[in-house]
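Everything below concerns the one structure shown next.
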Amino acid sequence: MLKSQNEKHFQSKMLLTLFVVLPCVPLAAYKTDDLSLFHKFINDFTKPYKNDTKEFYTRFEIFKDNLKHIHEMNKPYASSVFGITKFSDLTQKEFQEKYLSGFRKLSRTNKPLLFYSLPSSAQVQLQDVPSKIDWRLYDVVTPVKNQEQCGACWAFSVIETIESSYAIKYNTSAPQLAVQQLIDCDTNNFGCSGGDTCRALYWVQKNGITFEKNYPLTDKNGNCKPLSPTDKLVKVSSYTCEDFVGEEKNLVSRLGTTGPVAAAVDASTWNNYVGGIIQFHCANYTNHAVEIVGYDRTGPVPYYIVRNSWGPDFGLDGYLYIKIGSNLCGIAEQISSITVV
């Protein structure tokens, strides 16, 4: 086990959390309050909307609709999980088109060259697994990246997990590897137009992946660039694509004993996430990919620690928490562990 760096800690932060909308406020005052919130939103997230323009009022109406939706989503929770975020000026359709068009899950019958397995049916004894682990504390997780509007979540998820696997194996800090190389060069996937994590791992296993300094991130589609003979590669010796639905104890065990994993998820409601543990309002239509970097089973609601690729200004410094045990957000449906050479 790597030595924990106790000096590193991760402070949770809420982005303009909307806790209560008062139903008894007069309509005029209610609108004024909404307008004040919208002006603050524009300032906080550097939005380009100018007062008294058509775009301003169009986005203000969308913003108000989102406030109502956020209020409804928070009802099952003791404290707010959903609130105002940098996506609060987008309709749900706009959000999904811009940020959730990047995952193209393949059927198993279309993966003849990929190792696609079910987890062992052996019963995992969770008392033999750490009650919590956060791999960020061991310096095996690189800083949160931002895919912008490039639908390459599949590439970010895979590369981030390879980085962590490399760091754990060689007892070193996580290297920053070239997401852009995978976006540009993996012809089995579709760059910023989408892809599949298992198919990406097949490509990396055949070709290796270089370091980001040799192939910088642009968050755009580009031609595959040849590498210099001196550019070093990280190679994958094996990987899995597994379904842990109904067997999340096995997934917890994998995270606790082996390290972070790549996962396909349904992120349809994440545009409103500001903090806390997601326990409701999350289906299992996979449309996004992430890295799971740990879990915590010590509290009343056990949860996964999930790294996203929407920048550090998303959620909890780029992360979110998802309840363990019920395949929430489809989180257990396509999991990949990776072994590097």
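Chains: A, B, ... in order of the structure tokens. Residues: from 1 per chain. Ligands: from 1, in order shown.
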What are the closest atom pairs, with distances in Å to one decimal, for each residue of segment 181-238 of chain A lying within 10 Å of segment 332-338 of chain A, using only C-alpha atoms, rows by chain and rising residue number, as JSON lines?
```
{"residue": "A:Thr197", "atom": "CA", "partner": "A:Ser336", "partner_atom": "CA", "distance": 8.0}
{"residue": "A:Cys198", "atom": "CA", "partner": "A:Ser336", "partner_atom": "CA", "distance": 7.4}
{"residue": "A:Leu201", "atom": "CA", "partner": "A:Ile338", "partner_atom": "CA", "distance": 8.5}
{"residue": "A:Gln205", "atom": "CA", "partner": "A:Ile338", "partner_atom": "CA", "distance": 9.9}
{"residue": "A:Val236", "atom": "CA", "partner": "A:Ile338", "partner_atom": "CA", "distance": 7.1}
{"residue": "A:Ser237", "atom": "CA", "partner": "A:Ile338", "partner_atom": "CA", "distance": 8.0}
{"residue": "A:Ser238", "atom": "CA", "partner": "A:Ile338", "partner_atom": "CA", "distance": 6.1}
```
Exercise. Which residues come within 9 Å of segment 252-258 of chain A, counting only C-alpha atoms, excluding same-chain residues fewer than 5 positions away, as a ChimeraX atom specification?
Worked result: /A:124-126,128-134,165,168,292-295,304,324,337
Given the selection you just returned, output its residues as a file containing C-alpha atoms, formatted as a PDB file, in the first residue's frame.
```pdb
ATOM      1  CA  VAL A 124     -17.087 -11.079  -0.796  1.00  0.00           C
ATOM      2  CA  GLN A 125     -16.687 -10.561   2.929  1.00  0.00           C
ATOM      3  CA  LEU A 126     -16.674  -6.801   3.315  1.00  0.00           C
ATOM      4  CA  ASP A 128     -11.948  -8.016   4.909  1.00  0.00           C
ATOM      5  CA  VAL A 129     -12.134  -4.837   2.788  1.00  0.00           C
ATOM      6  CA  PRO A 130     -11.313  -1.320   4.092  1.00  0.00           C
ATOM      7  CA  SER A 131     -14.414   0.485   5.366  1.00  0.00           C
ATOM      8  CA  LYS A 132     -13.371   3.432   3.241  1.00  0.00           C
ATOM      9  CA  ILE A 133     -10.680   4.378   0.783  1.00  0.00           C
ATOM     10  CA  ASP A 134      -9.985   7.539  -1.154  1.00  0.00           C
ATOM     11  CA  SER A 165      -3.100   1.953 -12.232  1.00  0.00           C
ATOM     12  CA  ILE A 168      -0.209   2.180  -7.849  1.00  0.00           C
ATOM     13  CA  ILE A 292     -14.483   5.787  -9.482  1.00  0.00           C
ATOM     14  CA  VAL A 293     -11.628   6.653  -7.117  1.00  0.00           C
ATOM     15  CA  GLY A 294     -12.904   5.289  -3.825  1.00  0.00           C
ATOM     16  CA  TYR A 295     -15.818   4.786  -1.472  1.00  0.00           C
ATOM     17  CA  TYR A 304     -18.778   5.882  -4.173  1.00  0.00           C
ATOM     18  CA  ILE A 324     -23.645   2.246  -3.100  1.00  0.00           C
ATOM     19  CA  SER A 337     -10.129  -2.552 -14.135  1.00  0.00           C
TER      20      SER A 337
END
```
Exercise. Of the candidates A:Val234, A:Leu90, A:Leu217, A:Cys241, which shows the shortest atom-to-atom distance to Asn271 of chain A, using only C-alpha atoms?
Worked result: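 Under the stated criterion, the closest residue is A:Leu90.
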For this session: Please provide the set of residues having any atom within 8 Å of Thr269 of chain A, restricted to only C-alpha atoms, with same-chain residues fewer than 4 positions apart removed, written as number ranges by chain.
Result: A: 273, 281-282
For this session: Measuring atom to atom with only C-alpha atoms, identify which of A:Asn272, A:Thr142, A:Ser326, A:Asn221 is nearest to Ser157 of chain A.
Result: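 Counting only C-alpha atoms, the residue closest to Ser157 of chain A is A:Thr142.
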Seminar exercise, completed: Among A:Thr230, A:Gln279, A:Asn146, A:Asn327, Leu251 of chain A is approached most closely, using only C-alpha atoms, by A:Asn327
Exercise. Got a sec to tell me which of segment 45-282 of chain A DSSP assigns to strand (DSSP E or B), as a list in words?
Worked result: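 Answer for segment 45-282 of chain A, restricted to strand (DSSP E or B): Phe82, Phe103, Tyr116, Ser117, Lys132, Ile133, Asp134, Asn146, Leu177, Gly195, Ile209, Thr210, Phe211, Leu233, Val234, Val236, Ser237, Ser238, Tyr239, Cys241, Glu242, Val261, Ala262, Ala263, Ala264, Val265, Tyr273, Ile277 and Ile278 of chain A.
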For this session: Name the residues in contact with segment 58-68 of chain A at a cut-off of 7 Å, using only C-alpha atoms, excluding same-chain residues fewer than 5 positions from it; report them as a VMD selection string.
Result: chain A and resid 34 38 88 to 91
Could those residues be written to a file, using N, CA and C atoms, as an mmCIF file, in the first residue's frame?
```cif
data_model
loop_
_atom_site.group_PDB
_atom_site.id
_atom_site.type_symbol
_atom_site.label_atom_id
_atom_site.label_comp_id
_atom_site.auth_asym_id
_atom_site.auth_seq_id
_atom_site.Cartn_x
_atom_site.Cartn_y
_atom_site.Cartn_z
ATOM 1 N N ASP A 34 -35.551 35.906 -8.068
ATOM 2 C CA ASP A 34 -35.033 35.107 -9.173
ATOM 3 C C ASP A 34 -34.078 35.914 -10.040
ATOM 4 N N PHE A 38 -30.189 35.281 -10.851
ATOM 5 C CA PHE A 38 -29.702 35.159 -12.226
ATOM 6 C C PHE A 38 -28.516 36.092 -12.462
ATOM 7 N N SER A 88 -26.947 25.937 -15.303
ATOM 8 C CA SER A 88 -28.320 26.327 -14.970
ATOM 9 C C SER A 88 -28.984 27.233 -15.998
ATOM 10 N N ASP A 89 -28.278 27.621 -17.023
ATOM 11 C CA ASP A 89 -28.878 28.413 -18.109
ATOM 12 C C ASP A 89 -29.203 27.560 -19.324
ATOM 13 N N LEU A 90 -29.078 26.244 -19.195
ATOM 14 C CA LEU A 90 -29.338 25.326 -20.303
ATOM 15 C C LEU A 90 -30.613 24.538 -20.060
ATOM 16 N N THR A 91 -31.364 24.289 -21.123
ATOM 17 C CA THR A 91 -32.465 23.353 -21.014
ATOM 18 C C THR A 91 -31.889 21.949 -20.856
#
```
For this session: Quick one: everything within 12 Å of Lys232 of chain A, counting only C-alpha atoms, minus sequence neighbours fewer than 6 positions away in the same chain. Send it as a PyMOL selection string.
Result: chain A and resi 175+177-178+207-215
Exercise. Can you list every residue in segment 36-227 of chain A that DSSP puts in alpha helix (DSSP H), as a PyMOL selection string?
Worked result: chain A and resi 36-44+54-73+92-99+153-170+179-185+197-207
Exercise. Hey, can you check how far atom CA of Tyr77 of chain A sits from atom CA of Phe314 of chain A?
Worked result: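 Separation between atom CA of Tyr77 of chain A and atom CA of Phe314 of chain A: 20.0 Å.
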Problem set entry | Which of A:Val265, A:Ala200, A:Ala152, A:Ile277 sits closest to Thr218 of chain A [using only C-alpha atoms] |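 Of A:Val265, A:Ala200, A:Ala152, A:Ile277, the one nearest Thr218 of chain A is A:Ala152, counting only C-alpha atoms.
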Problem set entry | Nearest residue to Gln176 of chain A from the set A:Val140, A:Leu328, A:Cys150, A:Met73 (distances using only C-alpha atoms) |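 Nearest candidate to Gln176 of chain A out of A:Val140, A:Leu328, A:Cys150, A:Met73: A:Val140.
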Problem set entry | Gap from atom CA of Gly191 of chain A to atom CA of Val306 of chain A - Å, one decimal |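 Going from atom CA of Gly191 of chain A over to atom CA of Val306 of chain A, I get 22.9 Å.
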Seminar exercise, completed: What separates atom CA of Gly315 of chain A and atom CA of Gly275 of chain A is a distance of 5.7 Å
Exercise. Which neighbours of Val144 of chain A fall inside 7 Å, counting only C-alpha atoms, when residues of the same chain fewer than 5 positions from it are skipped, and could you give them as an MDAnalysis selection string?
Worked result: chainID A and resid 309 311:312 318
Please write the residues from the selection above to a file, keeping C-alpha atoms, as a PDB file, in the first residue's frame.
```pdb
ATOM      1  CA  SER A 309     -14.435  15.382 -16.400  1.00  0.00           C
ATOM      2  CA  GLY A 311     -13.717  20.696 -14.638  1.00  0.00           C
ATOM      3  CA  PRO A 312     -12.973  21.424 -10.951  1.00  0.00           C
ATOM      4  CA  GLY A 318     -14.905  18.067  -9.818  1.00  0.00           C
TER       5      GLY A 318
END
```
Problem set entry | Option closest in space to Asn188 of chain A, from A:Ala155, A:Glu291, A:Thr161, A:Tyr285 [counting only C-alpha atoms] |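 Nearest to Asn188 of chain A: A:Ala155.
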